[in-house]
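protein_4.txt follows (compact mmCIF, C-alpha atoms):
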```
# COMPACT_ATOMS: atom_id res chain seq x y z
CA MET A 1 -47.12 -12.44 2.70
CA ARG A 2 -47.45 -9.45 0.45
CA ARG A 3 -44.33 -7.28 0.23
CA ASP A 4 -45.04 -3.55 0.21
CA ARG A 5 -42.99 -2.79 -2.88
CA THR A 6 -44.02 0.84 -2.85
CA GLY A 7 -42.55 1.22 0.63
CA VAL A 8 -39.34 -0.51 -0.38
CA ALA A 9 -39.05 1.66 -3.48
CA LEU A 10 -39.63 4.80 -1.42
CA ALA A 11 -36.95 3.76 1.04
CA ILE A 12 -34.53 3.24 -1.84
CA VAL A 13 -35.34 6.67 -3.24
CA VAL A 14 -34.88 8.32 0.14
CA THR A 15 -31.58 6.52 0.72
CA ALA A 16 -30.32 7.38 -2.74
CA SER A 17 -31.34 10.98 -2.22
CA ALA A 18 -29.54 11.14 1.12
CA LEU A 19 -26.43 9.64 -0.44
CA ALA A 20 -26.57 12.06 -3.34
CA THR A 21 -26.82 14.96 -0.90
CA ALA A 22 -23.87 13.74 1.14
CA GLN A 23 -21.81 13.09 -1.94
CA SER A 24 -22.62 16.36 -3.58
CA THR A 25 -21.55 18.41 -0.58
CA PRO A 26 -18.36 19.98 -1.92
CA SER A 27 -16.65 19.88 1.46
CA GLY A 28 -17.73 16.29 2.12
CA ALA A 29 -18.89 17.54 5.51
CA GLY A 30 -21.95 15.29 5.44
CA VAL A 31 -19.88 12.13 5.85
CA ARG A 32 -17.36 11.26 8.54
CA VAL A 33 -15.15 8.22 8.52
CA THR A 34 -14.25 6.32 11.67
CA ASP A 35 -10.91 4.73 10.72
CA GLY A 36 -8.97 7.90 9.90
CA VAL A 37 -7.79 10.65 12.21
CA SER A 38 -8.25 10.40 15.97
CA TYR A 39 -7.37 13.06 18.49
CA ALA A 40 -5.69 12.84 21.88
CA ALA A 41 -7.29 14.46 24.93
CA SER A 42 -4.96 17.41 24.27
CA GLY A 43 -6.62 17.92 20.90
CA GLN A 44 -3.51 16.86 19.02
CA ALA A 45 -3.83 14.36 16.18
CA ASN A 46 -2.66 10.86 17.06
CA ARG A 47 -0.01 9.15 14.94
CA PRO A 48 -1.79 6.03 13.64
CA ALA A 49 -0.03 2.82 14.66
CA ASN A 50 -1.38 0.75 11.77
CA TYR A 51 -1.02 3.04 8.75
CA ARG A 52 1.04 0.42 6.93
CA GLU A 53 -2.20 -1.59 6.74
CA TRP A 54 -4.07 1.35 5.21
CA VAL A 55 -4.55 1.71 1.46
CA TYR A 56 -1.43 2.53 -0.50
CA LEU A 57 -1.69 5.33 -3.05
CA THR A 58 1.73 5.91 -4.60
CA THR A 59 5.48 6.26 -4.18
CA GLY A 60 7.91 8.82 -5.56
CA LEU A 61 11.70 8.85 -5.38
CA GLY A 62 13.77 11.97 -4.93
CA MET A 63 10.81 14.30 -5.32
CA THR A 64 11.96 17.92 -5.42
CA TYR A 65 9.63 20.87 -4.85
CA GLY A 66 9.46 23.92 -2.59
CA PRO A 67 10.67 22.72 0.81
CA ALA A 68 11.58 19.24 -0.49
CA GLN A 69 15.10 19.49 -1.87
CA PRO A 70 17.72 16.75 -2.26
CA ALA A 71 20.42 16.52 0.40
CA ALA A 72 23.84 16.83 -1.24
CA GLY A 73 25.76 13.57 -1.24
CA ARG A 74 22.91 11.49 0.17
CA PRO A 75 20.75 8.95 -1.67
CA PRO A 76 17.29 10.23 -2.62
CA LEU A 77 14.28 9.64 -0.36
CA PHE A 78 11.30 7.48 -1.21
CA ASP A 79 7.90 8.85 -0.25
CA ASN A 80 5.09 6.33 0.25
CA VAL A 81 1.53 7.61 0.61
CA PHE A 82 -1.24 5.82 2.55
CA VAL A 83 -4.84 6.77 3.33
CA ASN A 84 -7.37 5.23 5.74
CA PRO A 85 -9.52 2.54 4.02
CA GLN A 86 -12.97 4.10 4.51
CA SER A 87 -11.80 7.33 2.88
CA TYR A 88 -10.26 5.40 -0.01
CA LYS A 89 -13.60 3.69 -0.64
CA ALA A 90 -15.46 6.99 -0.35
CA PHE A 91 -13.11 8.58 -2.90
CA VAL A 92 -13.55 5.66 -5.31
CA ASN A 93 -17.32 6.21 -5.06
CA THR A 94 -17.43 10.00 -5.14
CA GLY A 95 -14.06 11.49 -6.12
CA ARG A 96 -14.05 13.47 -2.85
CA TRP A 97 -12.57 13.03 0.62
CA PRO A 98 -14.87 12.69 3.64
CA ASP A 99 -14.25 14.39 6.97
CA GLY A 100 -11.86 12.44 9.15
CA THR A 101 -9.65 11.47 6.20
CA MET A 102 -6.01 11.03 7.17
CA PHE A 103 -3.08 10.70 4.79
CA ILE A 104 0.31 9.47 5.93
CA LEU A 105 3.38 10.44 3.91
CA GLU A 106 6.11 8.01 4.91
CA LEU A 107 9.58 9.14 3.84
CA ARG A 108 12.10 6.32 3.68
CA ARG A 109 15.81 6.38 2.99
CA SER A 110 17.00 4.54 -0.09
CA VAL A 111 19.97 2.33 -0.81
CA ALA A 112 21.59 1.23 -4.06
CA ASN A 113 22.86 -2.26 -4.76
CA ALA A 114 21.24 -4.04 -1.81
CA SER A 115 21.16 -7.83 -2.08
CA ILE A 116 20.66 -8.89 -5.74
CA ASN A 117 20.09 -5.32 -6.90
CA ASN A 118 22.79 -3.99 -9.26
CA GLY A 119 21.16 -0.67 -10.03
CA GLY A 120 18.35 1.59 -8.94
CA PHE A 121 17.14 1.96 -5.38
CA THR A 122 15.31 0.05 -2.68
CA GLN A 123 13.83 1.16 0.64
CA THR A 124 15.32 1.17 4.11
CA GLU A 125 14.44 3.00 7.35
CA VAL A 126 11.83 5.69 7.91
CA ALA A 127 13.21 9.25 7.70
CA ALA A 128 9.99 11.10 8.55
CA LEU A 129 6.23 10.67 8.95
CA GLU A 130 3.98 13.52 7.85
CA SER A 131 0.22 13.76 7.62
CA ALA A 132 -2.66 15.67 6.07
CA VAL A 133 -6.06 15.55 7.76
CA LYS A 134 -9.44 16.72 6.49
CA ASP A 135 -11.69 18.05 9.23
CA THR A 136 -13.84 20.85 7.92
CA GLN A 137 -14.93 22.10 11.33
CA ARG A 138 -11.71 21.73 13.30
CA PHE A 139 -9.56 23.17 10.52
CA ALA A 140 -12.11 25.60 9.10
CA SER A 141 -9.65 28.50 9.31
CA THR A 142 -7.15 26.68 7.04
CA GLY A 143 -9.52 25.46 4.34
CA GLY A 144 -10.66 22.34 6.17
CA TRP A 145 -7.23 20.66 6.18
CA GLY A 146 -4.50 20.40 8.80
CA TYR A 147 -0.88 19.28 8.30
CA PHE A 148 1.19 17.39 10.84
CA GLU A 149 4.74 16.18 11.40
CA PHE A 150 5.26 13.12 13.58
CA GLY A 151 9.03 12.76 13.12
CA ALA A 152 10.77 9.44 12.57
CA PRO A 153 10.74 6.25 14.64
CA PRO A 154 12.02 5.47 17.19
CA LYS A 155 11.73 9.13 18.15
CA ALA A 156 8.39 9.76 16.45
CA VAL A 157 5.88 11.61 18.62
CA ASP A 158 2.62 9.88 19.54
CA SER A 159 0.57 12.96 18.67
CA ALA A 160 1.14 16.36 17.13
CA ALA A 161 -0.48 19.77 16.87
CA PRO A 162 -1.13 21.06 13.36
CA GLN A 163 1.65 22.97 11.68
CA PRO A 164 1.12 26.74 11.96
CA PRO A 165 -1.03 28.27 9.19
CA THR A 166 2.06 30.06 7.90
CA ALA A 167 3.78 26.73 7.10
CA SER A 168 4.36 26.33 3.36
CA CYS A 169 2.29 23.13 3.21
CA TYR A 170 -0.99 25.05 3.52
CA ALA A 171 -0.48 27.36 0.55
CA CYS A 172 1.09 24.66 -1.61
CA HIS A 173 -1.70 22.14 -0.97
CA ALA A 174 -4.31 24.82 -1.67
CA THR A 175 -2.71 25.96 -4.92
CA HIS A 176 -1.04 23.03 -6.65
CA THR A 177 -3.34 20.10 -5.95
CA ALA A 178 -5.63 18.38 -8.45
CA VAL A 179 -8.51 17.43 -6.12
CA GLU A 180 -9.45 19.39 -3.00
CA ASN A 181 -6.15 19.93 -1.15
CA THR A 182 -4.64 16.61 -2.22
CA PHE A 183 -2.01 15.74 -4.84
CA VAL A 184 -4.22 13.21 -6.60
CA GLN A 185 -2.22 13.92 -9.78
CA PHE A 186 0.44 11.65 -8.23
CA TYR A 187 -2.00 8.81 -7.35
CA PRO A 188 -2.45 7.03 -10.70
CA THR A 189 -5.51 4.96 -9.82
CA LEU A 190 -7.35 7.79 -8.04
CA PHE A 191 -6.57 10.38 -10.70
CA GLU A 192 -8.60 8.22 -13.08
CA VAL A 193 -11.43 8.15 -10.53
CA ALA A 194 -11.34 11.94 -10.25
CA ARG A 195 -11.49 12.28 -14.03
CA GLU A 196 -14.56 10.03 -14.16
CA LYS A 197 -16.26 11.78 -11.25
CA GLY A 198 -15.41 15.25 -12.55
CA THR A 199 -13.79 16.37 -9.30
CA ILE A 200 -10.50 17.69 -10.67
CA LYS A 201 -10.34 21.37 -9.78
CA ALA A 202 -10.77 23.85 -12.61
CA THR A 203 -7.72 25.66 -11.26
CA TYR A 204 -5.47 22.59 -11.53
CA ASP A 205 -2.60 23.21 -13.97
CA PRO A 206 -0.47 20.09 -14.53
CA ASN A 207 2.47 22.24 -15.62
CA ARG A 208 2.57 24.70 -12.75
CA LYS A 209 5.63 24.56 -10.50
CA VAL A 210 6.02 25.78 -6.93
CA GLN A 211 7.34 29.32 -6.95
CA MET Z 1 -26.18 -17.50 35.89
CA ARG Z 2 -22.91 -19.24 36.65
CA ARG Z 3 -20.32 -19.09 33.87
CA ASP Z 4 -18.33 -22.27 33.43
CA ARG Z 5 -14.92 -20.64 33.62
CA THR Z 6 -13.12 -23.95 33.44
CA GLY Z 7 -14.74 -24.63 30.09
CA VAL Z 8 -13.86 -21.20 28.80
CA ALA Z 9 -10.25 -21.59 29.93
CA LEU Z 10 -10.05 -25.01 28.28
CA ALA Z 11 -11.38 -23.61 25.04
CA ILE Z 12 -8.75 -20.89 25.14
CA VAL Z 13 -6.00 -23.43 25.74
CA VAL Z 14 -7.20 -25.64 22.89
CA THR Z 15 -7.44 -22.69 20.53
CA ALA Z 16 -4.00 -21.41 21.50
CA SER Z 17 -2.57 -24.88 21.05
CA ALA Z 18 -4.15 -25.24 17.61
CA LEU Z 19 -2.76 -21.84 16.60
CA ALA Z 20 0.69 -22.73 17.91
CA THR Z 21 0.64 -25.96 15.91
CA ALA Z 22 -0.44 -24.23 12.75
CA GLN Z 23 2.12 -21.49 13.21
CA SER Z 24 4.97 -23.84 13.94
CA THR Z 25 4.51 -25.84 10.74
CA PRO Z 26 7.61 -24.80 8.76
CA SER Z 27 5.84 -24.88 5.41
CA GLY Z 28 2.80 -23.09 6.78
CA ALA Z 29 0.79 -25.90 5.21
CA GLY Z 30 -1.46 -26.14 8.26
CA VAL Z 31 -3.06 -22.77 7.50
CA ARG Z 32 -4.75 -21.65 4.33
CA VAL Z 33 -5.84 -18.09 3.72
CA THR Z 34 -9.06 -17.28 1.90
CA ASP Z 35 -8.29 -13.81 0.50
CA GLY Z 36 -5.21 -14.68 -1.56
CA VAL Z 37 -4.95 -16.77 -4.71
CA SER Z 38 -8.04 -18.16 -6.41
CA TYR Z 39 -8.09 -20.44 -9.41
CA ALA Z 40 -10.23 -20.45 -12.53
CA ALA Z 41 -12.01 -23.62 -13.64
CA SER Z 42 -9.09 -24.14 -16.00
CA GLY Z 43 -6.76 -24.36 -12.99
CA GLN Z 44 -5.08 -21.08 -13.91
CA ALA Z 45 -4.53 -18.49 -11.18
CA ASN Z 46 -6.92 -15.55 -11.36
CA ARG Z 47 -5.58 -12.01 -11.57
CA PRO Z 48 -6.98 -10.33 -8.41
CA ALA Z 49 -9.12 -7.31 -9.20
CA ASN Z 50 -8.59 -5.61 -5.86
CA TYR Z 51 -4.88 -6.04 -5.18
CA ARG Z 52 -4.47 -2.26 -4.77
CA GLU Z 53 -6.49 -2.67 -1.56
CA TRP Z 54 -4.15 -5.40 -0.29
CA VAL Z 55 -1.28 -4.66 2.09
CA TYR Z 56 1.61 -2.72 0.58
CA LEU Z 57 5.10 -4.05 1.27
CA THR Z 58 7.62 -1.91 -0.61
CA THR Z 59 8.63 -0.07 -3.77
CA GLY Z 60 11.90 -0.02 -5.67
CA LEU Z 61 12.91 2.15 -8.60
CA GLY Z 62 15.05 0.96 -11.48
CA MET Z 63 15.87 -2.36 -9.83
CA THR Z 64 18.42 -4.27 -11.88
CA TYR Z 65 19.04 -8.00 -11.46
CA GLY Z 66 19.15 -11.09 -13.67
CA PRO Z 67 16.23 -10.68 -16.10
CA ALA Z 68 15.40 -7.14 -14.86
CA GLN Z 69 17.63 -4.76 -16.80
CA PRO Z 70 17.07 -1.07 -17.58
CA ALA Z 71 15.74 -0.22 -21.03
CA ALA Z 72 18.15 2.14 -22.75
CA GLY Z 73 16.80 5.66 -23.08
CA ARG Z 74 13.67 5.00 -21.04
CA PRO Z 75 12.88 6.19 -17.52
CA PRO Z 76 13.32 3.52 -14.83
CA LEU Z 77 10.40 1.39 -13.68
CA PHE Z 78 8.87 1.47 -10.21
CA ASP Z 79 7.95 -1.87 -8.70
CA ASN Z 80 5.25 -1.87 -6.01
CA VAL Z 81 4.67 -5.05 -4.01
CA PHE Z 82 1.35 -6.06 -2.42
CA VAL Z 83 0.24 -9.17 -0.51
CA ASN Z 84 -3.23 -10.36 0.54
CA PRO Z 85 -4.17 -9.09 4.04
CA GLN Z 86 -4.64 -12.45 5.81
CA SER Z 87 -1.16 -13.55 4.75
CA TYR Z 88 0.33 -10.25 5.90
CA LYS Z 89 -1.22 -10.75 9.33
CA ALA Z 90 -0.03 -14.37 9.46
CA PHE Z 91 3.51 -13.24 8.61
CA VAL Z 92 3.46 -10.57 11.31
CA ASN Z 93 2.46 -13.29 13.79
CA THR Z 94 4.75 -16.08 12.62
CA GLY Z 95 7.38 -14.84 10.16
CA ARG Z 96 6.10 -17.37 7.62
CA TRP Z 97 3.69 -17.37 4.68
CA PRO Z 98 0.55 -19.52 4.79
CA ASP Z 99 -0.73 -21.54 1.86
CA GLY Z 100 -2.82 -19.44 -0.52
CA THR Z 101 -0.52 -16.42 -0.15
CA MET Z 102 -0.42 -14.28 -3.27
CA PHE Z 103 2.03 -11.47 -4.00
CA ILE Z 104 1.46 -8.94 -6.75
CA LEU Z 105 4.45 -7.14 -8.24
CA GLU Z 106 3.07 -4.09 -10.02
CA LEU Z 107 5.57 -2.48 -12.37
CA ARG Z 108 4.77 1.13 -13.21
CA ARG Z 109 6.40 3.53 -15.61
CA SER Z 110 7.98 6.62 -14.11
CA VAL Z 111 8.07 10.24 -15.16
CA ALA Z 112 10.34 13.11 -14.14
CA ASN Z 113 9.16 16.66 -13.48
CA ALA Z 114 5.41 15.98 -13.35
CA SER Z 115 3.36 18.79 -11.84
CA ILE Z 116 5.30 20.52 -9.02
CA ASN Z 117 8.11 17.97 -9.15
CA ASN Z 118 11.47 19.42 -10.28
CA GLY Z 119 13.54 16.29 -9.77
CA GLY Z 120 13.23 12.61 -9.07
CA PHE Z 121 10.43 10.40 -10.32
CA THR Z 122 6.72 9.78 -9.84
CA GLN Z 123 4.46 6.94 -11.01
CA THR Z 124 2.32 6.63 -14.10
CA GLU Z 125 0.73 3.66 -15.92
CA VAL Z 126 1.15 -0.03 -15.20
CA ALA Z 127 3.83 -1.72 -17.32
CA ALA Z 128 3.34 -5.28 -16.04
CA LEU Z 129 1.68 -7.33 -13.32
CA GLU Z 130 3.51 -10.37 -11.98
CA SER Z 131 2.71 -12.71 -9.13
CA ALA Z 132 4.16 -15.27 -6.74
CA VAL Z 133 1.81 -17.79 -5.11
CA LYS Z 134 2.45 -20.21 -2.28
CA ASP Z 135 0.53 -23.45 -2.60
CA THR Z 136 2.53 -26.31 -1.18
CA GLN Z 137 0.40 -29.05 -2.74
CA ARG Z 138 -0.32 -27.55 -6.15
CA PHE Z 139 3.24 -26.35 -6.68
CA ALA Z 140 4.99 -29.15 -4.78
CA SER Z 141 7.28 -29.86 -7.74
CA THR Z 142 8.63 -26.29 -7.69
CA GLY Z 143 9.23 -25.88 -3.96
CA GLY Z 144 5.66 -24.91 -3.11
CA TRP Z 145 5.68 -21.68 -5.08
CA GLY Z 146 4.38 -20.75 -8.54
CA TYR Z 147 5.16 -17.62 -10.58
CA PHE Z 148 2.75 -15.88 -12.93
CA GLU Z 149 2.68 -13.08 -15.48
CA PHE Z 150 -0.61 -11.28 -16.06
CA GLY Z 151 0.63 -8.62 -18.50
CA ALA Z 152 -0.41 -4.97 -18.35
CA PRO Z 153 -3.86 -3.39 -18.42
CA PRO Z 154 -5.86 -2.94 -20.57
CA LYS Z 155 -4.48 -6.10 -22.15
CA ALA Z 156 -3.83 -7.96 -18.89
CA VAL Z 157 -5.09 -11.55 -18.90
CA ASP Z 158 -7.78 -12.55 -16.39
CA SER Z 159 -5.91 -15.71 -15.41
CA ALA Z 160 -2.57 -17.32 -16.13
CA ALA Z 161 -0.83 -20.67 -15.94
CA PRO Z 162 2.36 -20.78 -13.89
CA GLN Z 163 5.58 -19.96 -15.66
CA PRO Z 164 7.46 -23.11 -16.71
CA PRO Z 165 9.80 -24.56 -14.04
CA THR Z 166 12.75 -23.57 -16.22
CA ALA Z 167 11.89 -19.84 -15.91
CA SER Z 168 14.61 -17.92 -14.08
CA CYS Z 169 12.20 -16.78 -11.34
CA TYR Z 170 12.13 -20.24 -9.73
CA ALA Z 171 15.88 -20.60 -9.20
CA CYS Z 172 16.35 -16.95 -8.22
CA HIS Z 173 13.54 -17.00 -5.65
CA ALA Z 174 14.88 -20.26 -4.22
CA THR Z 175 18.47 -19.02 -3.96
CA HIS Z 176 18.51 -15.29 -3.22
CA THR Z 177 15.57 -14.77 -0.88
CA ALA Z 178 15.73 -14.03 2.84
CA VAL Z 179 12.56 -15.85 3.98
CA GLU Z 180 11.10 -18.90 2.24
CA ASN Z 181 11.05 -17.97 -1.47
CA THR Z 182 10.32 -14.29 -0.86
CA PHE Z 183 12.52 -11.20 -1.02
CA VAL Z 184 11.69 -10.08 2.51
CA GLN Z 185 15.07 -8.31 2.59
CA PHE Z 186 13.34 -5.61 0.48
CA TYR Z 187 10.27 -5.30 2.78
CA PRO Z 188 11.59 -3.13 5.63
CA THR Z 189 8.78 -3.74 8.13
CA LEU Z 190 8.60 -7.50 7.50
CA PHE Z 191 12.37 -8.01 7.56
CA GLU Z 192 12.26 -6.83 11.17
CA VAL Z 193 9.46 -9.32 11.85
CA ALA Z 194 11.53 -12.14 10.33
CA ARG Z 195 14.52 -11.18 12.47
CA GLU Z 196 12.37 -11.32 15.60
CA LYS Z 197 10.73 -14.61 14.64
CA GLY Z 198 14.01 -16.19 13.56
CA THR Z 199 12.73 -17.14 10.10
CA ILE Z 200 15.51 -15.66 7.98
CA LYS Z 201 17.09 -18.55 6.08
CA ALA Z 202 20.56 -19.65 7.18
CA THR Z 203 21.53 -19.60 3.51
CA TYR Z 204 20.57 -15.94 3.05
CA ASP Z 205 23.60 -13.85 2.08
CA PRO Z 206 22.81 -10.12 1.87
CA ASN Z 207 25.78 -9.54 -0.44
CA ARG Z 208 25.14 -12.28 -2.99
CA LYS Z 209 24.27 -11.13 -6.51
CA VAL Z 210 22.45 -13.01 -9.26
CA GLN Z 211 24.99 -14.82 -11.44
```

What is this structure when it is put down as structure tokens?
Amino acid sequence: MRRDRTGVALAIVVTASALATAQSTPSGAGVRVTDGVSYAASGQANRPANYREWVYLTTGLGMTYGPAQPAAGRPPLFDNVFVNPQSYKAFVNTGRWPDGTMFILELRRSVANASINNGGFTQTEVAALESAVKDTQRFASTGGWGYFEFGAPPKAVDSAAPQPPTASCYACHATHTAVENTFVQFYPTLFEVAREKGTIKATYDPNRKVQ
Amino acid sequence: MRRDRTGVALAIVVTASALATAQSTPSGAGVRVTDGVSYAASGQANRPANYREWVYLTTGLGMTYGPAQPAAGRPPLFDNVFVNPQSYKAFVNTGRWPDGTMFILELRRSVANASINNGGFTQTEVAALESAVKDTQRFASTGGWGYFEFGAPPKAVDSAAPQPPTASCYACHATHTAVENTFVQFYPTLFEVAREKGTIKATYDPNRKVQ
């Protein structure tokens, strides 16, 4: 049997071209992941049950900025960041987030001196679950991103409406983020990806603080 | 077409029985995962390339115990813990670790006041990669577990021999851990699993420090 190599080559070119188009769309609107955000019948975003099995991006302790300020006399909070796996893979390949991307910011309380630990901090219960979602059509009026608060288990809500456009998250994520509306400057492995892919925003200033 | 429902039911019973047997083996030796440790031809354990896509368990900052002591004048280290996905799922189902389980302890340097952050710490480059592996046959002489040091990128080694049995990790992991030889007391979601499954060791004392 004779393989039609011209046909195969053409198919490869077409596929590569289609991929290049999708990947070069600044908004990422040409791609949509299936393992990120889902919406309830009400239109609210569902709190994902399995986010602890998503891809881990980073953790901070006691982060202090704008609305995030330490509570006097209480141990600092850890913040763990997760993203759905398909979006992680897309970012590794392109340096951009596809539509449907969902981040979970899991805030956990900390404790000193637990078990063998004589210094520093380890993690305990969840204090809050927050989320950022990219959906360029649904959230077109707020730059393609919506921000959500699900509360803390056991009282966490199953789904939530986006925070109002006046919430401080919208302006902060638009202004202070390294890639699109995301704080990739705090995700060590993905910041390297963004450098290689050239997707760090020209407006990103690593020294700028929240006013 | 008539489905043989008896046969289907029998198959389900047999499968369930096999699972129950495997899961009730205290050492977990009846199960072996395929996405955890792998060994080089030399017999050394390979450093996994994709551990950042494994399941995240917890992070501490500035943890201080036995050999882990703060370096004077330097910011504290973060330690992020990952485990291979099949072993995570097995633990969620049984409260025990199957053979082939591999943990990665990723130590990262911290920085204060990066970008918008006015307090607390965020993560930067990897300072060290360490590992614990369960392999009840290969590491039978050290309680079924081996401990490895892979160094830090870009100088991390591709594979490593287990630390000598006299290394402090062996005695500490045998004595101070909540479940098998693992510090599940620091993994908030899995500690709850272990409570439910009844796999916390009778010898576990949450107040005991390393001598």

Rows by chain and residue number, chain Z within 6 Å of chain A, shortest pair, only C-alpha atoms, as a tab-separated table:
```
residue	atom	partner	partner_atom	distance
Z:Glu53	CA	A:Val55	CA	5.7
Z:Val55	CA	A:Glu53	CA	5.6
Z:Gly60	CA	A:Thr122	CA	4.5
Z:Leu61	CA	A:Phe121	CA	5.3
Z:Gly62	CA	A:Gly120	CA	4.2
Z:Met63	CA	A:Gly120	CA	4.7
Z:Thr64	CA	A:Gly119	CA	4.9
Z:Tyr65	CA	A:Asn117	CA	5.4
Z:Ser115	CA	A:Pro206	CA	4.9
Z:Ile116	CA	A:Lys209	CA	4.3
Z:Asn117	CA	A:Thr64	CA	5.4
Z:Asn118	CA	A:Thr64	CA	5.1
Z:Gly119	CA	A:Thr64	CA	4.9
Z:Gly120	CA	A:Gly62	CA	4.2
Z:Phe121	CA	A:Leu61	CA	5.3
Z:Thr122	CA	A:Gly60	CA	4.5
Z:Thr124	CA	A:Pro188	CA	5.9
Z:Pro188	CA	A:Thr124	CA	5.9
Z:Pro206	CA	A:Ser115	CA	4.9
Z:Asn207	CA	A:Ser115	CA	5.2
Z:Lys209	CA	A:Ile116	CA	4.3
Z:Val210	CA	A:Ile116	CA	5.7
```

Write to file, as a PDB file, in the frame of the given file, the residues of the selection just made, with C-alpha atoms.
```pdb
ATOM      1  CA  GLU Z  53      -6.490  -2.670  -1.560  1.00  0.00           C
ATOM      2  CA  VAL Z  55      -1.280  -4.660   2.090  1.00  0.00           C
ATOM      3  CA  GLY Z  60      11.900  -0.020  -5.670  1.00  0.00           C
ATOM      4  CA  LEU Z  61      12.910   2.150  -8.600  1.00  0.00           C
ATOM      5  CA  GLY Z  62      15.050   0.960 -11.480  1.00  0.00           C
ATOM      6  CA  MET Z  63      15.870  -2.360  -9.830  1.00  0.00           C
ATOM      7  CA  THR Z  64      18.420  -4.270 -11.880  1.00  0.00           C
ATOM      8  CA  TYR Z  65      19.040  -8.000 -11.460  1.00  0.00           C
ATOM      9  CA  SER Z 115       3.360  18.790 -11.840  1.00  0.00           C
ATOM     10  CA  ILE Z 116       5.300  20.520  -9.020  1.00  0.00           C
ATOM     11  CA  ASN Z 117       8.110  17.970  -9.150  1.00  0.00           C
ATOM     12  CA  ASN Z 118      11.470  19.420 -10.280  1.00  0.00           C
ATOM     13  CA  GLY Z 119      13.540  16.290  -9.770  1.00  0.00           C
ATOM     14  CA  GLY Z 120      13.230  12.610  -9.070  1.00  0.00           C
ATOM     15  CA  PHE Z 121      10.430  10.400 -10.320  1.00  0.00           C
ATOM     16  CA  THR Z 122       6.720   9.780  -9.840  1.00  0.00           C
ATOM     17  CA  THR Z 124       2.320   6.630 -14.100  1.00  0.00           C
ATOM     18  CA  PRO Z 188      11.590  -3.130   5.630  1.00  0.00           C
ATOM     19  CA  PRO Z 206      22.810 -10.120   1.870  1.00  0.00           C
ATOM     20  CA  ASN Z 207      25.780  -9.540  -0.440  1.00  0.00           C
ATOM     21  CA  LYS Z 209      24.270 -11.130  -6.510  1.00  0.00           C
ATOM     22  CA  VAL Z 210      22.450 -13.010  -9.260  1.00  0.00           C
TER      23      VAL Z 210
END
```

Give the centre and edge lengths of an axis-aligned box, in Å to one decimal, that holds all listed atoms of segment 73-86 of chain Z with 8 Å on each side, as lines of an AutoDock Vina configuration file.
```
center_x = 6.1
center_y = -3.1
center_z = -8.6
size_x = 37.4
size_y = 34.6
size_z = 44.9
```

Item to complete: Write out as number ranges by chain the residues lying within 6 Å of segment 154-168 of chain A, counting all atoms listed in the file and excluding same-chain residues fewer than 6 positions away.
Response: A: 44-47, 146-148

Worksheet item: How far is it from atom CA of Gly43 of chain A to atom CA of Val92 of chain A, in Å with one decimal?
Response: 29.8 Å

Discussion item. One number please: atom CA of Phe139 of chain A to atom CA of Arg32 of chain A, in Å, one decimal.
Written reply: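 For atom CA of Phe139 of chain A relative to atom CA of Arg32 of chain A, the distance reads 14.4 Å.
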
Item to complete: Grab the atom CA of Pro48 of chain A to atom CA of Asn84 of chain A distance for me, in Å with one decimal place.
Response: 9.7 Å

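Nearest to Trp145 of chain A of all the residues A:Lys201, A:Thr101, A:Ala127, A:Thr175 is A:Thr101, counting all atoms listed in the file.
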
Item to complete: Can you work out which one of A:Ala152, A:Val133, A:Ala140, A:Ala40 has the shortest atom-to-atom distance to Pro98 of chain A, counting all atoms listed in the file?
Response: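 Ranked by minimum distance to Pro98 of chain A, first place goes to A:Val133.
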
Worksheet item: Skipping near chain neighbours, those fewer than 4 positions away, what residues fall within 9 Å of Glu196 of chain Z using only C-alpha atoms, listed as a PyMOL selection string?
Response: chain Z and resi 95+191-192
